[in-house]
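For reference, upload-v2.pdb (PDB, C-alpha atoms, pLDDT in the B column):
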ATOM      1  CA  ARG A  23       0.000   0.000   0.000  1.00 53.00           C
ATOM      2  CA  ALA A  24       1.228   3.459  -0.827  1.00 63.00           C
ATOM      3  CA  MET A  25       1.923   5.825   2.030  1.00 69.00           C
ATOM      4  CA  PRO A  26       0.467   9.363   1.906  1.00 82.00           C
ATOM      5  CA  GLY A  27       2.848  11.731   0.182  1.00 88.00           C
ATOM      6  CA  VAL A  28       3.892  13.297  -3.089  1.00 94.00           C
ATOM      7  CA  GLU A  29       5.612  11.494  -5.955  1.00 91.00           C
ATOM      8  CA  ALA A  30       7.439  13.704  -8.442  1.00 93.00           C
ATOM      9  CA  GLY A  31       9.746  12.682 -11.227  1.00 94.00           C
ATOM     10  CA  TYR A  32      10.448  12.376 -14.910  1.00 94.00           C
ATOM     11  CA  ARG A  33       9.509   9.793 -17.555  1.00 93.00           C
ATOM     12  CA  LEU A  34      11.416   9.495 -20.815  1.00 94.00           C
ATOM     13  CA  GLN A  35       8.832   8.013 -23.190  1.00 90.00           C
ATOM     14  CA  LEU A  36      10.508   6.135 -26.039  1.00 88.00           C
ATOM     15  CA  GLY A  37       7.271   5.858 -28.039  1.00 79.00           C
ATOM     16  CA  ALA A  38       6.142   3.020 -30.261  1.00 79.00           C
ATOM     17  CA  PHE A  39       8.450   1.457 -32.807  1.00 82.00           C
ATOM     18  CA  ALA A  40       8.566  -1.701 -34.888  1.00 83.00           C
ATOM     19  CA  VAL A  41      11.173  -4.000 -36.404  1.00 87.00           C
ATOM     20  CA  GLY A  42       9.396  -6.099 -39.025  1.00 85.00           C
ATOM     21  CA  ASN A  43       6.448  -7.839 -37.287  1.00 84.00           C
ATOM     22  CA  LEU A  44       7.879  -7.124 -33.830  1.00 88.00           C
ATOM     23  CA  ALA A  45       6.329  -3.995 -32.262  1.00 85.00           C
ATOM     24  CA  PHE A  46       7.324  -2.218 -29.035  1.00 87.00           C
ATOM     25  CA  SER A  47       4.977   0.253 -27.396  1.00 85.00           C
ATOM     26  CA  ASN A  48       4.786   2.326 -24.238  1.00 86.00           C
ATOM     27  CA  VAL A  49       8.456   1.809 -23.345  1.00 92.00           C
ATOM     28  CA  GLY A  50       9.522   4.400 -20.815  1.00 93.00           C
ATOM     29  CA  LEU A  51      12.322   5.058 -18.339  1.00 95.00           C
ATOM     30  CA  GLU A  52      11.303   6.712 -15.062  1.00 95.00           C
ATOM     31  CA  ALA A  53      13.108   8.329 -12.157  1.00 96.00           C
ATOM     32  CA  THR A  54      11.004   9.670  -9.273  1.00 95.00           C
ATOM     33  CA  SER A  55      11.220  10.826  -5.668  1.00 95.00           C
ATOM     34  CA  ILE A  56       8.516   9.897  -3.178  1.00 92.00           C
ATOM     35  CA  LEU A  57       8.242  12.461  -0.383  1.00 93.00           C
ATOM     36  CA  PRO A  58       6.025  11.257   2.497  1.00 90.00           C
ATOM     37  CA  PHE A  59       3.776  13.527   4.569  1.00 91.00           C
ATOM     38  CA  SER A  60       5.115  11.839   7.734  1.00 88.00           C
ATOM     39  CA  ASN A  61       8.619  11.831   9.226  1.00 86.00           C
ATOM     40  CA  ARG A  62       9.688   8.773   7.164  1.00 85.00           C
ATOM     41  CA  ASN A  63      12.665   8.857   4.801  1.00 88.00           C
ATOM     42  CA  ALA A  64      12.227  10.006   1.221  1.00 92.00           C
ATOM     43  CA  VAL A  65      12.265   7.142  -1.280  1.00 93.00           C
ATOM     44  CA  PHE A  66      13.808   7.207  -4.740  1.00 95.00           C
ATOM     45  CA  LYS A  67      12.485   4.996  -7.544  1.00 95.00           C
ATOM     46  CA  ALA A  68      13.999   4.024 -10.904  1.00 97.00           C
ATOM     47  CA  SER A  69      11.898   1.960 -13.290  1.00 96.00           C
ATOM     48  CA  LEU A  70      11.381   0.558 -16.746  1.00 95.00           C
ATOM     49  CA  SER A  71       7.772   1.624 -17.472  1.00 93.00           C
ATOM     50  CA  SER A  72       5.343   1.446 -14.499  1.00 89.00           C
ATOM     51  CA  ARG A  73       2.522  -0.581 -12.984  1.00 85.00           C
ATOM     52  CA  LYS A  74      -0.110   1.771 -14.403  1.00 83.00           C
ATOM     53  CA  SER A  75       1.650   2.100 -17.755  1.00 85.00           C
ATOM     54  CA  PRO A  76       3.582  -1.100 -18.645  1.00 89.00           C
ATOM     55  CA  PHE A  77       5.615  -1.665 -21.801  1.00 91.00           C
ATOM     56  CA  THR A  78       4.201  -4.051 -24.430  1.00 88.00           C
ATOM     57  CA  ILE A  79       6.072  -6.209 -26.928  1.00 90.00           C
ATOM     58  CA  THR A  80       3.910  -7.601 -29.747  1.00 85.00           C
ATOM     59  CA  TYR A  81       4.633 -10.244 -32.339  1.00 86.00           C
ATOM     60  CA  ALA A  82       1.099 -10.706 -33.620  1.00 77.00           C
ATOM     61  CA  PRO A  83      -0.937 -12.409 -32.356  1.00 84.00           C
ATOM     62  CA  PHE A  84       1.232 -12.876 -29.243  1.00 90.00           C
ATOM     63  CA  GLY A  85       2.474 -10.273 -26.847  1.00 90.00           C
ATOM     64  CA  GLY A  86       4.003  -9.594 -23.485  1.00 93.00           C
ATOM     65  CA  SER A  87       3.850  -6.677 -21.075  1.00 92.00           C
ATOM     66  CA  GLY A  88       5.544  -5.691 -17.896  1.00 94.00           C
ATOM     67  CA  PHE A  89       7.484  -3.271 -15.770  1.00 96.00           C
ATOM     68  CA  PHE A  90      10.292  -3.312 -13.239  1.00 97.00           C
ATOM     69  CA  ALA A  91      10.968  -0.799 -10.452  1.00 97.00           C
ATOM     70  CA  ILE A  92      13.630  -0.588  -7.765  1.00 97.00           C
ATOM     71  CA  TYR A  93      13.270   1.541  -4.609  1.00 95.00           C
ATOM     72  CA  ALA A  94      16.005   3.038  -2.436  1.00 95.00           C
ATOM     73  CA  ASN A  95      16.463   5.540   0.367  1.00 91.00           C
ATOM     74  CA  THR A  96      19.606   7.014   1.923  1.00 90.00           C
ATOM     75  CA  ASP A  97      20.360   3.679   3.633  1.00 88.00           C
ATOM     76  CA  GLY A  98      20.360   1.685   0.371  1.00 92.00           C
ATOM     77  CA  ILE A  99      17.974  -0.459  -1.664  1.00 94.00           C
ATOM     78  CA  ILE A 100      14.730  -1.138   0.216  1.00 94.00           C
ATOM     79  CA  GLY A 101      12.691  -3.060  -2.338  1.00 95.00           C
ATOM     80  CA  PHE A 102      11.524  -3.823  -5.839  1.00 96.00           C
ATOM     81  CA  GLU A 103       8.352  -4.638  -7.728  1.00 95.00           C
ATOM     82  CA  ALA A 104       7.846  -6.246 -11.118  1.00 96.00           C
ATOM     83  CA  ALA A 105       5.113  -7.668 -13.293  1.00 95.00           C
ATOM     84  CA  PHE A 106       5.367  -9.810 -16.396  1.00 96.00           C
ATOM     85  CA  GLU A 107       2.373 -10.860 -18.476  1.00 95.00           C
ATOM     86  CA  PHE A 108       1.880 -12.924 -21.631  1.00 96.00           C
ATOM     87  CA  GLY A 109      -1.047 -13.411 -23.991  1.00 95.00           C
ATOM     88  CA  GLY A 110      -2.560 -11.848 -27.063  1.00 91.00           C
ATOM     89  CA  SER A 111      -1.713  -8.372 -28.253  1.00 85.00           C
ATOM     90  CA  ALA A 112      -2.427  -6.395 -31.393  1.00 82.00           C
ATOM     91  CA  VAL A 113      -1.639  -2.995 -32.846  1.00 79.00           C
ATOM     92  CA  PHE A 114      -3.752  -1.955 -35.821  1.00 83.00           C
ATOM     93  CA  ALA A 115      -4.270   0.828 -38.324  1.00 86.00           C
ATOM     94  CA  MET A 116      -7.134   0.802 -40.803  1.00 90.00           C
ATOM     95  CA  GLY A 117      -7.341   4.066 -42.680  1.00 90.00           C
ATOM     96  CA  PRO A 118      -7.815   6.834 -40.108  1.00 91.00           C
ATOM     97  CA  LEU A 119      -8.571   4.345 -37.279  1.00 92.00           C
ATOM     98  CA  THR A 120      -5.586   3.342 -35.145  1.00 90.00           C
ATOM     99  CA  GLY A 121      -5.460   1.400 -31.919  1.00 90.00           C
ATOM    100  CA  GLN A 122      -4.040  -1.323 -29.763  1.00 85.00           C
ATOM    101  CA  GLY A 123      -5.367  -4.017 -27.459  1.00 88.00           C
ATOM    102  CA  ARG A 124      -4.180  -6.811 -25.232  1.00 88.00           C
ATOM    103  CA  LEU A 125      -5.577  -9.794 -23.320  1.00 94.00           C
ATOM    104  CA  MET A 126      -2.964 -11.194 -20.940  1.00 95.00           C
ATOM    105  CA  SER A 127      -2.315 -12.979 -17.680  1.00 97.00           C
ATOM    106  CA  GLY A 128       0.855 -13.066 -15.643  1.00 96.00           C
ATOM    107  CA  VAL A 129       2.584 -12.622 -12.317  1.00 96.00           C
ATOM    108  CA  TYR A 130       3.254  -9.649 -10.028  1.00 94.00           C
ATOM    109  CA  ILE A 131       5.911  -9.758  -7.321  1.00 95.00           C
ATOM    110  CA  ALA A 132       7.009  -7.121  -4.826  1.00 93.00           C
ATOM    111  CA  ARG A 133       9.371  -7.230  -1.850  1.00 94.00           C
ATOM    112  CA  PHE A 134       9.974  -4.293   0.501  1.00 92.00           C
ATOM    113  CA  GLU A 135      11.733  -3.630   3.787  1.00 88.00           C
ATOM    114  CA  VAL A 136       9.295  -1.516   5.850  1.00 78.00           C
ATOM    115  CA  ASP A 137      10.140  -0.476   9.432  1.00 77.00           C
ATOM    116  CA  GLY A 138      12.460  -3.469   9.886  1.00 82.00           C
ATOM    117  CA  ALA A 139       9.926  -5.992   8.522  1.00 86.00           C
ATOM    118  CA  THR A 140       9.921  -7.646   5.101  1.00 89.00           C
ATOM    119  CA  LEU A 141       6.730  -7.385   3.049  1.00 89.00           C
ATOM    120  CA  THR A 142       6.352  -9.823   0.138  1.00 91.00           C
ATOM    121  CA  ASP A 143       3.448  -9.763  -2.334  1.00 90.00           C
ATOM    122  CA  LEU A 144       3.094 -12.575  -4.893  1.00 92.00           C
ATOM    123  CA  SER A 145       0.018 -12.328  -7.122  1.00 94.00           C
ATOM    124  CA  MET A 146      -1.447 -13.508 -10.399  1.00 96.00           C
ATOM    125  CA  THR A 147      -2.790 -10.893 -12.799  1.00 95.00           C
ATOM    126  CA  PHE A 148      -5.301 -10.699 -15.646  1.00 96.00           C
ATOM    127  CA  VAL A 149      -5.591  -7.736 -18.025  1.00 94.00           C
ATOM    128  CA  ALA A 150      -8.042  -6.968 -20.842  1.00 95.00           C
ATOM    129  CA  GLU A 151      -7.615  -3.516 -22.341  1.00 92.00           C
ATOM    130  CA  GLY A 152      -7.693  -1.583 -25.548  1.00 92.00           C
ATOM    131  CA  SER A 153      -7.679   1.901 -26.999  1.00 93.00           C
ATOM    132  CA  ALA A 154      -8.403   3.448 -30.369  1.00 94.00           C
ATOM    133  CA  ALA A 155      -8.408   6.831 -32.055  1.00 93.00           C
ATOM    134  CA  ILE A 156     -10.061   8.218 -35.154  1.00 93.00           C
ATOM    135  CA  TRP A 157      -9.831  11.829 -36.200  1.00 90.00           C
ATOM    136  CA  ILE A 158     -10.403  13.924 -33.029  1.00 91.00           C
ATOM    137  CA  PHE A 159     -12.011  11.093 -31.039  1.00 94.00           C
ATOM    138  CA  SER A 160     -10.172   8.653 -28.828  1.00 94.00           C
ATOM    139  CA  PHE A 161     -11.442   6.067 -26.387  1.00 94.00           C
ATOM    140  CA  GLY A 162     -10.185   3.232 -24.261  1.00 95.00           C
ATOM    141  CA  ALA A 163     -11.320   0.630 -21.744  1.00 96.00           C
ATOM    142  CA  SER A 164      -9.451  -1.653 -19.368  1.00 94.00           C
ATOM    143  CA  LEU A 165     -10.065  -4.359 -16.782  1.00 95.00           C
ATOM    144  CA  HIS A 166      -7.241  -5.258 -14.378  1.00 93.00           C
ATOM    145  CA  VAL A 167      -7.655  -8.148 -11.904  1.00 95.00           C
ATOM    146  CA  LYS A 168      -5.044  -9.130  -9.288  1.00 94.00           C
ATOM    147  CA  LEU A 169      -5.312 -12.049  -6.857  1.00 95.00           C
ATOM    148  CA  GLY A 170      -2.530 -13.041  -4.507  1.00 94.00           C
ATOM    149  CA  GLN A 171      -1.053 -13.514  -1.101  1.00 89.00           C
ATOM    150  CA  VAL A 172       0.879 -11.060   1.067  1.00 82.00           C
ATOM    151  CA  ASN A 173       3.530 -12.521   3.428  1.00 82.00           C
ATOM    152  CA  GLY A 174       2.006 -15.998   3.188  1.00 74.00           C
ATOM    153  CA  GLY A 175      -1.193 -14.766   4.867  1.00 81.00           C
ATOM    154  CA  ALA A 176      -4.726 -14.417   3.634  1.00 83.00           C
ATOM    155  CA  MET A 177      -5.592 -14.135  -0.039  1.00 89.00           C
ATOM    156  CA  THR A 178      -6.185 -10.614  -1.283  1.00 90.00           C
ATOM    157  CA  GLY A 179      -7.606  -9.355  -4.534  1.00 92.00           C
ATOM    158  CA  GLU A 180      -8.543  -6.270  -6.424  1.00 93.00           C
ATOM    159  CA  ALA A 181     -10.277  -5.486  -9.699  1.00 95.00           C
ATOM    160  CA  THR A 182     -10.290  -2.157 -11.522  1.00 94.00           C
ATOM    161  CA  PHE A 183     -12.362  -1.234 -14.561  1.00 96.00           C
ATOM    162  CA  SER A 184     -11.847   2.068 -16.346  1.00 95.00           C
ATOM    163  CA  PHE A 185     -13.213   3.715 -19.457  1.00 96.00           C
ATOM    164  CA  SER A 186     -12.152   6.932 -21.140  1.00 95.00           C
ATOM    165  CA  PHE A 187     -13.401   9.005 -24.038  1.00 94.00           C
ATOM    166  CA  SER A 188     -11.971  12.258 -25.301  1.00 94.00           C
ATOM    167  CA  MET A 189     -12.637  14.646 -28.114  1.00 92.00           C
ATOM    168  CA  GLY A 190     -10.275  17.405 -28.988  1.00 81.00           C
ATOM    169  CA  ILE A 191      -8.050  18.980 -31.550  1.00 69.00           C
TER     170      ILE A 191
END
Let me see the file written as structure tokens.
Amino acid sequence: RAMPGVEAGYRLQLGAFAVGNLAFSNVGLEATSILPFSNRNAVFKASLSSRKSPFTITYAPFGGSGFFAIYANTDGIIGFEAAFEFGGSAVFAMGPLTGQGRLMSGVYIARFEVDGATLTDLSMTFVAEGSAAIWIFSFGASLHVKLGQVNGGAMTGEATFSFSFSMGI
């Protein structure tokens, strides 16, 4: 769980690019600082993409997505989190309509040192999402489901559905 605070940083978005039938999208490098509202230490994070915006590699009709982040404070490395998913993925362009979609399942793992205790989260994930744009209209929808176990305890789960529509020049 995230602690209350402010996260500020920079993301270098590498964009989408293809080599033959192999397409890469949403690849980004991030460096951020997490400044808590309490008297805890500031945390620094370096990552390849992010949990909310993972990279995707597509070799139609297959694809994989993921991210990796490492966390540190002034005492050293305090944790990491990563997710890797595999399934179907597609990027398309038909005239003025462009878009991408993916249907994948995978694994999420995180391990952190918090106040002298080790927190480990091992979960399975399922993702169904897509987005498209035509002229000045763009829309997208996503369903993210995560089910797992924290520190060998009780099972936990979460599901998030989102939809977006925009119109603009």
Would you give me, as a Markdown table, each residue of segment 144-184 of chain A having an atom within 8 Å of an atom of segment 120-139 of chain A, along with its shortest atom pair and that distance in Å to one decimal, using only C-alpha atoms and sorting by chain and residue number?
| residue | atom | partner | partner_atom | distance |
| --- | --- | --- | --- | --- |
| A:Leu144 | CA | A:Ile131 | CA | 4.7 |
| A:Ser145 | CA | A:Tyr130 | CA | 5.1 |
| A:Met146 | CA | A:Val129 | CA | 4.6 |
| A:Thr147 | CA | A:Gly128 | CA | 5.1 |
| A:Phe148 | CA | A:Ser127 | CA | 4.3 |
| A:Val149 | CA | A:Met126 | CA | 5.2 |
| A:Ala150 | CA | A:Leu125 | CA | 4.5 |
| A:Glu151 | CA | A:Arg124 | CA | 5.6 |
| A:Gly152 | CA | A:Gly123 | CA | 3.9 |
| A:Ser153 | CA | A:Gly121 | CA | 5.4 |
| A:Ala154 | CA | A:Gly121 | CA | 3.9 |
| A:Ala155 | CA | A:Thr120 | CA | 5.4 |
| A:Ile156 | CA | A:Thr120 | CA | 6.6 |
Find the residues around segment 84-99 of chain A up to 8 Å (all atoms listed in the file counted), leave out those fewer than 6 positions away in its own chain, and share them as a PyMOL selection string. chain A and resi 63-73+76-78+105-112+124+126
Distance of atom CA of Thr182 of chain A from atom CA of Asn48 of chain A, expressed in Å to one decimal place: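 Pair atom CA of Asn48 of chain A / atom CA of Thr182 of chain A returns 20.2 Å.
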Atom CA of Val167 of chain A to atom CA of Ala115 of chain A, straight-line distance in Å: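 That distance, rounded to one decimal, is 28.1 Å.
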Selection dump of the PyMOL selection byres ((chain A and resi 56-58) around 7), as a ChimeraX atom specification: /A:25-30,54-55,59-60,62,64-66
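Coordinates place atom CA of Arg33 of chain A at a distance of 26.9 Å from atom CA of Trp157 of chain A.
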Test item: residues at most 9 Å from Gln171 of chain A, all atoms listed in the file, excluding those fewer than 2 positions along its chain, as a list in words: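 Using all atoms listed in the file, the neighbours found are Thr142, Asp143, Leu144, Ser145, Leu169, Asn173, Gly174, Gly175, Ala176, Met177, Thr178 and Gly179 of chain A.
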Any chance you could export the current selection's C-alpha atoms as a PDB file, in the coordinates of the input?
ATOM      1  CA  THR A 142       6.352  -9.823   0.138  1.00 91.00           C
ATOM      2  CA  ASP A 143       3.448  -9.763  -2.334  1.00 90.00           C
ATOM      3  CA  LEU A 144       3.094 -12.575  -4.893  1.00 92.00           C
ATOM      4  CA  SER A 145       0.018 -12.328  -7.122  1.00 94.00           C
ATOM      5  CA  LEU A 169      -5.312 -12.049  -6.857  1.00 95.00           C
ATOM      6  CA  ASN A 173       3.530 -12.521   3.428  1.00 82.00           C
ATOM      7  CA  GLY A 174       2.006 -15.998   3.188  1.00 74.00           C
ATOM      8  CA  GLY A 175      -1.193 -14.766   4.867  1.00 81.00           C
ATOM      9  CA  ALA A 176      -4.726 -14.417   3.634  1.00 83.00           C
ATOM     10  CA  MET A 177      -5.592 -14.135  -0.039  1.00 89.00           C
ATOM     11  CA  THR A 178      -6.185 -10.614  -1.283  1.00 90.00           C
ATOM     12  CA  GLY A 179      -7.606  -9.355  -4.534  1.00 92.00           C
TER      13      GLY A 179
END
If you apply the PyMOL selection byres ((chain A and resi 32) around 6) to this file, what residues do you get, as a ChimeraX atom specification? /A:31,33,52-53
Top pick for closest residue to Val172 of chain A, considering A:Val49, A:Leu141, A:Ala38, A:Ala82 and counting all atoms listed in the file: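 Of A:Val49, A:Leu141, A:Ala38, A:Ala82, the one nearest Val172 of chain A, counting all atoms listed in the file, is A:Leu141.
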Using only the atoms of segment 168-186 of chain A listed in the file, plus 6 Å on each side, state the axis-aligned box centre and edge lengths in Å rounded to one decimal, as lines of an AutoDock Vina configuration file.
center_x = -4.8
center_y = -4.5
center_z = -8.1
size_x = 28.7
size_y = 34.9
size_z = 38.0
Selected by the PyMOL selection byres ((chain A and resi 46) around 7) in the shown coordinates: which residues, as a ChimeraX atom specification? /A:38-40,44-45,47,78-80
Name the closest residue to Met189 of chain A among the candidates A:Ser160, A:Val41, A:Phe102, A:Asn61; distances are taken between atoms, counting only C-alpha atoms. A:Ser160
Would you mind putting all heavy atoms back on segment 133-144 of chain A and writing the result as a CSV table (one decimal), keeping the file's coordinate frame?
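Output file result_5.csv follows:
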chain,number,residue,atom,x,y,z
A,133,ARG,N,8.7,-6.9,-3.1
A,133,ARG,CA,9.4,-7.2,-1.8
A,133,ARG,C,10.0,-5.9,-1.3
A,133,ARG,O,10.7,-5.3,-2.0
A,133,ARG,CB,10.5,-8.3,-2.0
A,133,ARG,CG,11.1,-8.7,-0.8
A,133,ARG,CD,12.1,-9.8,-1.0
A,133,ARG,NE,12.8,-10.2,0.2
A,133,ARG,CZ,12.5,-11.2,1.0
A,133,ARG,NH1,11.4,-11.9,0.8
A,133,ARG,NH2,13.2,-11.4,2.0
A,134,PHE,N,9.6,-5.6,-0.1
A,134,PHE,CA,10.0,-4.3,0.5
A,134,PHE,C,10.4,-4.5,1.9
A,134,PHE,O,9.9,-5.4,2.6
A,134,PHE,CB,8.8,-3.3,0.5
A,134,PHE,CG,8.5,-2.8,-0.9
A,134,PHE,CD1,7.4,-3.3,-1.6
A,134,PHE,CD2,9.2,-1.8,-1.5
A,134,PHE,CE1,7.1,-2.9,-2.8
A,134,PHE,CE2,8.9,-1.3,-2.7
A,134,PHE,CZ,7.8,-1.9,-3.4
A,135,GLU,N,11.3,-3.7,2.4
A,135,GLU,CA,11.7,-3.6,3.8
A,135,GLU,C,11.0,-2.4,4.4
A,135,GLU,O,11.3,-1.3,3.9
A,135,GLU,CB,13.2,-3.5,3.9
A,135,GLU,CG,14.1,-4.6,3.4
A,135,GLU,CD,13.9,-5.9,4.2
A,135,GLU,OE1,13.7,-5.8,5.4
A,135,GLU,OE2,14.0,-7.0,3.6
A,136,VAL,N,10.1,-2.6,5.3
A,136,VAL,CA,9.3,-1.5,5.8
A,136,VAL,C,9.4,-1.6,7.4
A,136,VAL,O,9.0,-2.6,8.0
A,136,VAL,CB,7.8,-1.6,5.4
A,136,VAL,CG1,7.0,-0.5,6.0
A,136,VAL,CG2,7.7,-1.6,3.9
A,137,ASP,N,10.0,-0.6,8.0
A,137,ASP,CA,10.1,-0.5,9.4
A,137,ASP,C,10.7,-1.7,10.0
A,137,ASP,O,10.3,-2.3,11.0
A,137,ASP,CB,8.8,-0.2,10.1
A,137,ASP,CG,8.2,1.2,9.7
A,137,ASP,OD1,9.0,2.1,9.4
A,137,ASP,OD2,7.0,1.3,9.6
A,138,GLY,N,11.8,-2.3,9.4
A,138,GLY,CA,12.5,-3.5,9.9
A,138,GLY,C,11.8,-4.8,9.5
A,138,GLY,O,12.3,-5.9,9.9
A,139,ALA,N,10.6,-4.8,8.9
A,139,ALA,CA,9.9,-6.0,8.5
A,139,ALA,C,10.0,-6.1,7.0
A,139,ALA,O,10.0,-5.2,6.3
A,139,ALA,CB,8.5,-5.9,9.0
A,140,THR,N,9.9,-7.4,6.5
A,140,THR,CA,9.9,-7.6,5.1
A,140,THR,C,8.5,-7.9,4.6
A,140,THR,O,7.8,-8.8,5.2
A,140,THR,CB,10.8,-8.9,4.8
A,140,THR,OG1,12.1,-8.6,5.2
A,140,THR,CG2,10.8,-9.1,3.3
A,141,LEU,N,8.1,-7.2,3.6
A,141,LEU,CA,6.7,-7.4,3.0
A,141,LEU,C,6.9,-8.0,1.7
A,141,LEU,O,7.6,-7.4,0.8
A,141,LEU,CB,6.0,-6.0,3.0
A,141,LEU,CG,4.7,-6.0,2.3
A,141,LEU,CD1,3.6,-6.8,3.1
A,141,LEU,CD2,4.2,-4.6,2.0
A,142,THR,N,6.3,-9.2,1.4
A,142,THR,CA,6.4,-9.8,0.1
A,142,THR,C,4.9,-10.0,-0.4
A,142,THR,O,4.1,-10.5,0.3
A,142,THR,CB,7.0,-11.2,0.3
A,142,THR,OG1,8.3,-11.0,0.8
A,142,THR,CG2,7.2,-11.9,-1.1
A,143,ASP,N,4.7,-9.6,-1.7
A,143,ASP,CA,3.4,-9.8,-2.3
A,143,ASP,C,3.7,-10.6,-3.6
A,143,ASP,O,4.4,-10.2,-4.5
A,143,ASP,CB,2.9,-8.4,-2.7
A,143,ASP,CG,1.5,-8.4,-3.4
A,143,ASP,OD1,1.1,-9.5,-3.8
A,143,ASP,OD2,0.9,-7.3,-3.5
A,144,LEU,N,3.0,-11.7,-3.7
A,144,LEU,CA,3.1,-12.6,-4.9
A,144,LEU,C,1.7,-12.8,-5.4
A,144,LEU,O,0.8,-13.3,-4.7
A,144,LEU,CB,3.7,-13.9,-4.6
A,144,LEU,CG,3.9,-14.9,-5.7
A,144,LEU,CD1,4.7,-14.3,-6.8
A,144,LEU,CD2,4.5,-16.2,-5.2
